[in-house]
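J.: Input structure-v7.csv, format and content: CSV, C-alpha atoms and all ligand atoms.
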chain,number,residue,atom,x,y,z
A,31,MET,CA,0.0,0.0,0.0
A,32,ALA,CA,1.3,3.4,-0.9
A,33,PRO,CA,2.1,5.5,2.2
A,34,CYS,CA,-0.4,8.0,1.3
A,35,CYS,CA,-3.3,5.6,1.9
A,36,SER,CA,-2.3,4.3,5.2
A,37,GLY,CA,-3.2,5.6,8.6
A,38,ALA,CA,-5.0,8.6,7.2
A,39,LEU,CA,-8.5,7.7,8.0
A,40,PRO,CA,-10.2,7.7,11.3
A,41,PRO,CA,-11.8,4.5,12.4
A,42,GLY,CA,-15.4,4.2,11.3
A,43,ASP,CA,-15.0,5.7,7.9
A,44,GLY,CA,-15.4,2.4,6.3
A,45,VAL,CA,-16.5,3.9,3.0
A,46,LEU,CA,-13.1,5.2,2.3
A,47,ALA,CA,-11.0,2.5,4.0
A,48,PRO,CA,-8.3,1.7,1.5
A,49,SER,CA,-8.7,-1.7,0.0
A,50,PRO,CA,-5.8,-3.9,-0.8
A,51,GLY,CA,-4.3,-2.8,-4.1
A,52,TYR,CA,-5.9,0.6,-3.7
A,53,SER,CA,-4.3,2.6,-6.4
A,54,CYS,CA,-3.6,6.1,-5.5
A,55,ASN,CA,-5.6,7.9,-8.2
A,56,THR,CA,-7.5,11.1,-8.0
A,57,LYS,CA,-10.7,10.2,-6.3
A,58,ARG,CA,-13.5,12.2,-5.0
A,59,VAL,CA,-16.1,10.8,-2.7
A,60,SER,CA,-19.2,12.5,-1.2
A,61,PHE,CA,-21.9,10.7,0.5
A,62,PRO,CA,-25.0,11.6,2.4
A,63,LEU,CA,-24.9,12.2,6.0
A,64,VAL,CA,-25.5,9.9,8.8
A,65,ASP,CA,-26.3,12.4,11.5
A,66,GLY,CA,-25.9,15.9,10.3
A,67,PRO,CA,-25.1,18.2,7.4
A,68,ILE,CA,-22.0,18.5,5.3
A,69,LEU,CA,-19.9,15.5,5.1
A,70,GLN,CA,-17.7,15.5,2.1
A,71,LEU,CA,-14.5,13.7,1.9
A,72,TYR,CA,-12.3,13.9,-1.1
A,73,GLN,CA,-8.9,12.6,-1.9
A,74,THR,CA,-6.6,13.8,-4.5
A,75,VAL,CA,-4.0,11.2,-4.5
A,76,THR,CA,-1.6,10.5,-7.3
A,77,SER,CA,1.4,8.5,-6.8
A,78,ARG,CA,2.4,8.0,-10.4
A,79,THR,CA,2.9,11.7,-10.9
A,80,GLY,CA,4.8,11.8,-7.7
A,81,ILE,CA,2.3,13.9,-5.7
A,82,VAL,CA,0.7,12.5,-2.7
A,83,SER,CA,-2.1,14.4,-1.2
A,84,PHE,CA,-5.1,13.9,1.1
A,85,VAL,CA,-7.7,16.5,1.4
A,86,ARG,CA,-10.8,16.3,3.5
A,87,SER,CA,-13.4,18.8,4.5
A,88,ALA,CA,-15.2,17.2,7.3
A,89,LYS,CA,-17.8,17.5,9.9
A,90,PHE,CA,-16.5,18.8,13.3
A,91,ASP,CA,-17.0,15.5,15.0
A,92,GLU,CA,-14.8,13.5,12.6
A,93,LEU,CA,-11.7,15.6,13.2
A,94,PHE,CA,-12.3,17.4,16.6
A,95,GLN,CA,-13.7,17.1,20.0
A,96,PRO,CA,-14.4,19.6,22.8
A,97,SER,CA,-11.3,20.0,25.0
A,98,TRP,CA,-12.9,22.0,27.8
A,99,ALA,CA,-16.3,23.2,29.0
A,100,SER,CA,-18.2,21.0,26.6
A,101,ASP,CA,-21.4,22.6,27.8
A,102,HIS,CA,-20.1,25.8,26.2
A,103,VAL,CA,-19.5,24.0,22.8
A,104,ILE,CA,-22.7,24.3,20.8
A,105,TYR,CA,-23.6,22.3,17.7
A,106,GLU,CA,-25.9,24.2,15.5
A,107,GLY,CA,-26.5,22.5,12.1
A,108,GLU,CA,-23.3,22.8,10.1
A,109,GLN,CA,-21.9,25.3,12.5
A,110,LEU,CA,-20.1,24.8,15.7
A,111,LYS,CA,-20.1,27.6,18.3
A,112,LEU,CA,-17.8,28.3,21.2
A,113,LYS,CA,-19.3,30.4,24.0
A,114,LEU,CA,-17.7,32.5,26.6
A,115,ASP,CA,-19.7,33.8,29.6
A,116,HIS,CA,-18.7,34.6,33.1
A,117,TYR,CA,-18.7,31.0,34.1
A,118,SER,CA,-16.3,29.7,31.4
A,119,GLY,CA,-14.8,29.9,28.0
A,120,ALA,CA,-14.5,26.8,25.8
A,121,GLY,CA,-12.3,25.0,23.4
A,122,PHE,CA,-11.8,22.1,21.0
A,123,VAL,CA,-8.9,20.0,19.9
A,124,SER,CA,-8.2,17.6,17.0
A,125,LYS,CA,-8.6,14.0,17.8
A,126,SER,CA,-5.3,13.3,16.0
A,127,LYS,CA,-1.9,14.9,15.7
A,128,TYR,CA,-0.4,15.9,12.4
A,129,MET,CA,3.0,16.6,10.9
A,130,PHE,CA,3.1,19.1,8.0
A,131,GLY,CA,0.3,20.0,5.6
A,132,LYS,CA,-2.4,22.6,5.8
A,133,THR,CA,-5.2,23.2,8.3
A,134,THR,CA,-8.1,25.5,7.6
A,135,VAL,CA,-11.1,26.5,9.5
A,136,GLN,CA,-13.7,29.1,8.7
A,137,ILE,CA,-14.5,31.4,11.6
A,138,LYS,CA,-17.0,34.2,12.3
A,139,LEU,CA,-15.8,36.1,15.3
A,140,VAL,CA,-17.8,37.4,18.2
A,141,GLU,CA,-20.2,40.1,17.0
A,142,GLY,CA,-20.8,43.5,18.6
A,143,ASP,CA,-18.9,44.1,21.8
A,144,SER,CA,-16.1,41.6,22.0
A,145,ALA,CA,-13.7,43.7,24.1
A,146,GLY,CA,-11.5,41.6,26.4
A,147,THR,CA,-12.2,38.4,24.6
A,148,VAL,CA,-9.7,36.3,22.6
A,149,THR,CA,-10.6,33.7,20.1
A,150,ALA,CA,-7.6,31.5,19.2
A,151,PHE,CA,-6.9,29.0,16.4
A,152,TYR,CA,-3.6,27.3,16.6
A,153,MET,CA,-1.5,24.2,16.2
A,154,SER,CA,0.7,23.0,19.1
A,155,SER,CA,2.8,20.0,20.1
A,156,GLU,CA,3.2,19.0,23.7
A,157,GLY,CA,5.9,19.2,26.3
A,158,PRO,CA,8.4,21.8,27.6
A,159,LYS,CA,10.1,22.1,24.1
A,160,HIS,CA,6.8,22.3,22.3
A,161,HIS,CA,6.2,24.1,19.0
A,162,GLU,CA,3.2,26.3,18.4
A,163,PHE,CA,1.7,28.3,15.6
A,164,ASP,CA,-0.9,30.8,16.8
A,165,PHE,CA,-3.7,32.9,15.4
A,166,GLU,CA,-5.2,35.0,18.2
A,167,PHE,CA,-8.1,37.3,17.4
A,168,LEU,CA,-8.3,40.2,19.9
A,169,GLY,CA,-11.7,41.5,20.4
A,170,ASN,CA,-12.8,45.2,20.6
A,171,THR,CA,-15.7,47.4,21.6
A,172,SER,CA,-18.6,47.6,19.2
A,173,GLY,CA,-17.5,49.1,15.9
A,174,GLU,CA,-13.8,49.1,16.7
A,175,PRO,CA,-11.5,46.8,14.7
A,176,TYR,CA,-10.4,43.4,15.8
A,177,LEU,CA,-6.6,42.7,15.6
A,178,VAL,CA,-5.0,39.4,14.6
A,179,GLN,CA,-2.0,38.5,16.6
A,180,THR,CA,0.2,35.6,15.3
A,181,ASN,CA,3.0,34.0,17.2
A,182,VAL,CA,5.5,31.1,16.6
A,183,TYR,CA,6.9,29.0,19.3
A,184,VAL,CA,9.9,26.8,18.6
A,185,ASN,CA,11.3,24.5,21.3
A,186,GLY,CA,9.2,26.2,23.9
A,187,VAL,CA,10.2,29.7,23.1
A,188,GLY,CA,7.7,32.2,21.6
A,189,ASN,CA,8.0,36.0,21.9
A,190,ARG,CA,7.5,36.3,18.1
A,191,GLU,CA,4.3,38.3,18.2
A,192,GLU,CA,3.0,40.2,15.2
A,193,ARG,CA,-0.2,42.2,15.0
A,194,GLN,CA,-2.3,43.1,12.0
A,195,SER,CA,-5.6,44.7,11.3
A,196,LEU,CA,-7.9,43.1,8.8
A,197,TRP,CA,-9.2,44.3,5.5
A,198,PHE,CA,-12.8,43.2,6.3
A,199,ASP,CA,-15.0,42.9,9.3
A,200,PRO,CA,-14.4,39.4,10.7
A,201,THR,CA,-17.6,39.4,12.7
A,202,LYS,CA,-20.0,39.8,9.7
A,203,ASP,CA,-19.1,36.7,7.7
A,204,PHE,CA,-17.1,33.5,7.8
A,205,HIS,CA,-13.5,33.8,6.6
A,206,SER,CA,-11.0,31.1,6.2
A,207,TYR,CA,-7.9,31.0,8.4
A,208,SER,CA,-5.2,28.5,7.5
A,209,ILE,CA,-1.8,27.3,8.7
A,210,LEU,CA,0.5,25.8,6.0
A,211,TRP,CA,3.4,23.9,7.4
A,212,ASN,CA,6.3,22.1,5.7
A,213,GLN,CA,10.0,21.7,6.2
A,214,HIS,CA,10.7,25.0,4.6
A,215,GLN,CA,8.1,27.4,6.0
A,216,VAL,CA,5.1,28.0,8.2
A,217,VAL,CA,2.6,30.3,6.5
A,218,PHE,CA,-0.4,32.0,8.1
A,219,LEU,CA,-3.1,32.7,5.6
A,220,ILE,CA,-6.4,34.5,5.7
A,221,ASP,CA,-8.8,33.7,2.8
A,222,GLU,CA,-5.7,32.3,1.1
A,223,THR,CA,-3.8,35.6,1.5
A,224,PRO,CA,-0.5,35.0,3.3
A,225,ILE,CA,-0.2,37.4,6.3
A,226,ARG,CA,3.0,36.0,7.8
A,227,VAL,CA,5.8,33.5,6.9
A,228,PHE,CA,8.2,31.9,9.3
A,229,SER,CA,10.9,30.5,7.0
A,230,ASN,CA,13.4,27.8,7.8
A,231,LYS,CA,16.6,29.5,8.6
A,232,GLU,CA,18.4,26.5,10.2
A,233,LYS,CA,21.4,27.4,8.1
A,234,ARG,CA,21.8,30.5,10.2
A,235,GLY,CA,21.3,28.6,13.4
A,236,VAL,CA,17.6,29.4,13.9
A,237,PRO,CA,15.7,26.3,15.1
A,238,PHE,CA,12.8,25.3,12.9
A,239,PRO,CA,9.8,23.2,14.0
A,240,LYS,CA,9.8,19.9,12.1
A,241,ASP,CA,10.2,17.1,14.6
A,242,GLN,CA,7.0,17.1,16.5
A,243,PRO,CA,3.5,16.1,15.6
A,244,MET,CA,1.0,18.9,16.4
A,245,GLY,CA,-2.6,19.0,17.4
A,246,VAL,CA,-5.1,21.6,16.1
A,247,TYR,CA,-6.9,23.7,18.6
A,248,SER,CA,-9.3,26.5,19.0
A,249,SER,CA,-10.6,28.3,22.1
A,250,ILE,CA,-12.3,31.4,23.4
A,251,TRP,CA,-11.5,33.0,26.7
A,252,ASN,CA,-11.4,36.1,28.7
A,253,ALA,CA,-8.1,38.0,28.3
A,254,ASP,CA,-9.1,41.5,29.4
A,255,ASP,CA,-5.9,42.0,31.3
A,256,TRP,CA,-4.1,42.5,27.9
A,257,ALA,CA,-6.2,41.9,24.8
A,258,THR,CA,-8.0,45.1,24.0
A,259,GLN,CA,-6.3,48.4,23.8
A,260,GLY,CA,-3.5,47.1,25.9
A,261,GLY,CA,-5.8,45.8,28.7
A,262,ARG,CA,-7.5,49.2,29.2
A,263,VAL,CA,-10.9,48.0,28.0
A,264,LYS,CA,-12.3,45.2,30.1
A,265,THR,CA,-14.8,42.6,29.2
A,266,ASP,CA,-18.4,43.8,29.7
A,267,TRP,CA,-20.1,40.8,31.1
A,268,THR,CA,-23.6,42.3,30.6
A,269,HIS,CA,-22.9,41.6,26.9
A,270,ALA,CA,-22.2,37.9,27.5
A,271,PRO,CA,-22.4,35.3,26.1
A,272,PHE,CA,-19.6,36.0,23.6
A,273,VAL,CA,-19.9,33.5,20.7
A,274,SER,CA,-17.5,32.6,17.9
A,275,SER,CA,-18.8,30.4,15.1
A,276,TYR,CA,-17.0,27.8,13.1
A,277,LYS,CA,-17.5,25.7,10.0
A,278,GLY,CA,-15.5,24.2,7.1
A,279,PHE,CA,-13.0,22.1,9.0
A,280,GLU,CA,-10.2,20.9,6.9
A,281,ILE,CA,-7.0,19.1,7.8
A,282,ASP,CA,-4.8,18.0,4.9
A,283,GLY,CA,-1.7,16.7,6.6
A,284,CYS,CA,0.2,13.6,7.6
A,285,GLU,CA,-1.7,12.0,10.4
A,286,CYS,CA,0.4,10.7,13.3
A,287,PRO,CA,-1.0,7.8,15.2
A,288,ILE,CA,-0.5,8.3,19.0
A,289,THR,CA,0.9,4.8,19.2
A,290,THR,CA,3.7,5.7,16.8
A,291,THR,CA,7.0,7.1,18.1
A,292,ALA,CA,8.1,10.6,17.2
A,293,ASP,CA,10.9,9.2,15.1
A,294,GLU,CA,8.7,6.9,13.1
A,295,ASN,CA,6.2,9.7,12.5
A,296,GLN,CA,8.9,12.0,11.3
A,297,LYS,CA,10.0,9.4,8.8
A,298,ARG,CA,6.5,8.6,7.7
A,299,CYS,CA,5.7,12.3,7.2
A,300,MET,CA,8.7,13.4,5.3
A,301,SER,CA,8.6,12.8,1.6
A,302,SER,CA,12.3,12.1,1.5
A,303,SER,CA,11.5,8.8,3.2
A,304,VAL,CA,8.3,8.0,1.3
A,305,ASN,CA,10.1,5.3,-0.6
A,306,GLN,CA,10.4,7.2,-3.9
A,307,LYS,CA,6.8,6.2,-4.9
A,308,GLY,CA,5.3,9.5,-4.1
A,309,ARG,CA,5.7,12.8,-2.4
A,310,TYR,CA,3.4,14.8,-0.2
A,311,TRP,CA,2.1,17.9,-2.0
A,312,TRP,CA,3.5,20.2,0.7
A,313,ASP,CA,7.0,18.9,-0.1
A,314,GLU,CA,6.7,19.8,-3.7
A,315,PRO,CA,9.5,22.4,-4.6
A,316,VAL,CA,6.8,25.1,-5.4
A,317,MET,CA,5.6,24.8,-1.8
A,318,SER,CA,9.0,25.7,-0.3
A,319,GLU,CA,8.4,29.4,-0.6
A,320,LEU,CA,5.6,31.8,-1.6
A,321,ASN,CA,4.9,32.3,-5.3
A,322,LEU,CA,5.3,35.8,-6.8
A,323,HIS,CA,1.6,36.6,-6.4
A,324,GLN,CA,1.5,35.5,-2.8
A,325,HIS,CA,4.7,37.4,-2.1
A,326,HIS,CA,3.0,40.6,-3.4
A,327,GLN,CA,0.0,39.9,-1.3
A,328,LEU,CA,2.2,39.6,1.8
A,329,LEU,CA,3.9,42.8,1.0
A,330,TRP,CA,0.5,44.5,0.6
A,331,VAL,CA,-0.6,43.2,4.0
A,332,ARG,CA,2.6,44.3,5.7
A,333,ALA,CA,2.4,47.7,4.1
A,334,ASN,CA,-1.3,48.3,4.9
A,335,HIS,CA,-2.2,46.3,7.9
A,336,GLN,CA,0.8,45.7,10.0
A,337,ILE,CA,0.3,47.2,13.5
A,338,TYR,CA,3.1,45.5,15.4
A,339,ASP,CA,6.2,43.4,14.5
A,340,TYR,CA,8.5,42.0,17.2
A,341,CYS,CA,11.3,42.2,14.7
A,342,THR,CA,11.3,45.9,14.7
A,343,ASP,CA,10.6,46.3,18.5
A,344,SER,CA,14.1,47.5,19.6
A,345,THR,CA,12.9,48.1,23.1
A,346,ARG,CA,12.2,44.4,23.6
A,347,PHE,CA,15.0,43.3,21.3
A,348,PRO,CA,17.9,45.7,21.2
A,349,VAL,CA,19.5,43.2,18.8
A,350,ALA,CA,16.9,41.9,16.4
A,351,PRO,CA,16.3,38.1,16.6
A,352,PRO,CA,18.3,36.2,14.0
A,353,GLU,CA,15.2,35.0,12.0
A,354,CYS,CA,14.3,38.7,11.4
A,355,ASP,CA,17.1,39.3,8.8
A,356,HIS,CA,16.1,39.5,5.2
A,357,ARG,CA,12.5,39.0,5.8
A,358,PRO,CA,9.8,40.4,3.5
B,401,LIG,C1,-9.5,48.5,19.1
B,401,LIG,O1,-9.9,49.8,18.7
B,401,LIG,C2,-8.9,50.7,19.0
B,401,LIG,C3,-9.5,52.1,18.5
B,401,LIG,O2,-9.9,52.0,17.2
B,401,LIG,C4,-7.6,50.4,18.3
B,401,LIG,O3,-6.6,51.4,18.6
B,401,LIG,C5,-7.1,49.0,18.7
B,401,LIG,O4,-6.0,48.7,17.9
B,401,LIG,C6,-8.2,48.0,18.4
B,401,LIG,N1,-7.9,46.6,18.7
B,401,LIG,C7,-7.5,46.1,19.9
B,401,LIG,C8,-7.4,44.7,20.0
B,401,LIG,O5,-7.3,46.8,20.9
Give the structure from the file, written as structure tokens.

T.:
Amino acid sequence: MAPCCSGALPPGDGVLAPSPGYSCNTKRVSFPLVDGPILQLYQTVTSRTGIVSFVRSAKFDELFQPSWASDHVIYEGEQLKLKLDHYSGAGFVSKSKYMFGKTTVQIKLVEGDSAGTVTAFYMSSEGPKHHEFDFEFLGNTSGEPYLVQTNVYVNGVGNREERQSLWFDPTKDFHSYSILWNQHQVVFLIDETPIRVFSNKEKRGVPFPKDQPMGVYSSIWNADDWATQGGRVKTDWTHAPFVSSYKGFEIDGCECPITTTADENQKRCMSSSVNQKGRYWWDEPVMSELNLHQHHQLLWVRANHQIYDYCTDSTRFPVAPPECDHRP
């Protein structure tokens, strides 16, 4: 069996279970729902052309589960909602861990007064030397703009905050937020527009996250000590509950069974060891950096929406961190 077809399906998805001799061709499968709306699985898998890929857009339950305060996790048709009130916030976590690939979720952020609240969407590994890629959406008073804070932790060390404003109102509609991760870069995308790239600069001695499987997480909580206007605006609990809505869950990555050791997972999930038969799409040479169009998009975001960049904060970092050189 080609490596693309093994281990990638959660138990219970019998329909797609790879049969012996399954030939990794492009295949699209949709089927009616058992117990809810949207369930569409599709695979784009080609081993003969050298590209191995697995895409799925799935129902929340297939990929995720509540991680805390499940009574504040609300299922509403095709949407999932996380609720924050003065009793509790809430969160969810992927059932599996992944190495490399792309994770996307569509979010509609807390409407109206969201001051003091933070909604986060992130990937993280575990342990003191963990890696983490964060989107944090910092709420605001009614009519004032949200900010998006991103951060990258490598080997337990973060302090790489950037803040950007958005070119749309994230509380009016769903927008897609994605994290693309391969051995060359971590890219944060909003509606497919890259807003930040963390490039592999191991050659200059900057550690790069590529050795730990990561879970996918989201949560909403009260952070009024820092989130809004530097902590000056507090959460107004008379406006609770604060609700963020989700749909369109997609994880297109190399799934890492919990029973498999980190070493084995790393081998399975790196194309260099996918026994020549195929290669994961995220390891294709074109994925190792932004294309020209994306590069222009990134420059546009940085020129028009950048509010804060740790790389230029000389108060915090009299000497700019090494990954900050020659960055777009
Ligand atoms: C909230 O609105 C104020 C005023 O427009 C703005 O300065 C601030 O950056 C906004 N966002 C946050 C998260 O404070």

J.: So which residues touch Gln336 (chain A) within 8 Å, counting all atoms listed in the file, skipping near sequence neighbours fewer than 5 positions away, as an NGL selection string?

T.: :A and (192-195 or 331)

J.: Compute the set of protein, DNA and RNA residues whose minimum atom distance to ligand LIG 401 (chain B) is at most 7 Å, using all atoms listed in the file, and state it as an mmCIF file with C-alpha atoms, keeping the file's coordinate frame.

T.:
data_model
loop_
_atom_site.group_PDB
_atom_site.id
_atom_site.type_symbol
_atom_site.label_atom_id
_atom_site.label_comp_id
_atom_site.auth_asym_id
_atom_site.auth_seq_id
_atom_site.Cartn_x
_atom_site.Cartn_y
_atom_site.Cartn_z
ATOM 1 C CA LEU A 168 -8.300 40.200 19.900
ATOM 2 C CA GLY A 169 -11.700 41.500 20.400
ATOM 3 C CA ASN A 170 -12.800 45.200 20.600
ATOM 4 C CA THR A 171 -15.700 47.400 21.600
ATOM 5 C CA GLU A 174 -13.800 49.100 16.700
ATOM 6 C CA PRO A 175 -11.500 46.800 14.700
ATOM 7 C CA TYR A 176 -10.400 43.400 15.800
ATOM 8 C CA LEU A 177 -6.600 42.700 15.600
ATOM 9 C CA ALA A 257 -6.200 41.900 24.800
ATOM 10 C CA THR A 258 -8.000 45.100 24.000
ATOM 11 C CA GLN A 259 -6.300 48.400 23.800
ATOM 12 C CA GLY A 260 -3.500 47.100 25.900
#

J.: Please report the interatomic distance between CA of Leu93 (chain A) and CA of Ile209 (chain A) in Å with one decimal.

T.: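 Atom-to-atom, CA of Leu93 (chain A) to CA of Ile209 (chain A), that is 16.0 Å.
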
J.: Skipping near chain neighbours, those fewer than 4 positions away, what residues fall within 9 Å of region 266-278 of chain A using only C-alpha atoms, listed as JSON, numbers by chain?

T.: {"A": [68, 87, 88, 89, 90, 108, 109, 110, 111, 112, 113, 114, 115, 116, 119, 134, 135, 136, 137, 138, 139, 140, 141, 142, 143, 144, 145, 146, 147, 149, 201, 204, 206, 250]}

J.: Neighbours of region 210-226 of chain A within 10 Å (all atoms listed in the file; same-chain residues fewer than 6 positions away dropped), as a ChimeraX atom specification?

T.: /A:129-134,136,163-165,178,180-182,192-194,196,204,232,238-241,282-283,299-300,310-315,317-320,323-332,335-336,358

J.: Considering all atoms listed in the file, can you say which of A:Ala99, A:Glu191, A:Lys125, A:Ile337 comes closest to Ile288 (chain A)?

T.: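 Smallest distance to Ile288 (chain A) is found for A:Lys125.
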
J.: Could you check the closest approach to Glu162 (chain A) for each of A:Ser344, A:Gln179, A:Asn185, A:Asn334 and tell me which residue wins, using all atoms listed in the file?

T.: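 Comparing A:Ser344, A:Gln179, A:Asn185, A:Asn334 against Glu162 (chain A), the winner is A:Asn185.
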
J.: Would you work out the distance separating CA of Tyr105 (chain A) from CA of Val123 (chain A), expressed in Å to one decimal?

T.: 15.0 Å

J.: State, in Å with one decimal place, the distance from CA of Gly121 (chain A) to CA of Tyr183 (chain A).

T.: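 Distance reported for this atom pair: 20.0 Å.
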
J.: For Asp91 (chain A), which residue among A:Lys264, A:Ala292, A:Lys231, A:Phe279 is the nearest when counting only C-alpha atoms?

T.: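 Counting only C-alpha atoms, the residue closest to Asp91 (chain A) is A:Phe279.
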
J.: A:Pro243, A:Lys159, A:Asp254, A:Gly186: which is nearest Glu294 (chain A), counting only C-alpha atoms?

T.: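 Of all the options, A:Pro243 lies closest to Glu294 (chain A).
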
J.: Pick out the residues sitting within 10 Å of Ser97 (chain A), and hand them over as JSON, numbers by chain; count only C-alpha atoms, and ignore anything fewer than 5 positions along from it in its own chain.

T.: {"A": [103, 120, 121, 122, 123, 124, 125, 247, 248, 249]}

J.: Hey, which of A:Val148, A:Ile104, A:Val187, A:Val236 ends up closest to Glu353 (chain A)? Count only C-alpha atoms.

T.: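 Of A:Val148, A:Ile104, A:Val187, A:Val236, the one nearest Glu353 (chain A) is A:Val236, counting only C-alpha atoms.
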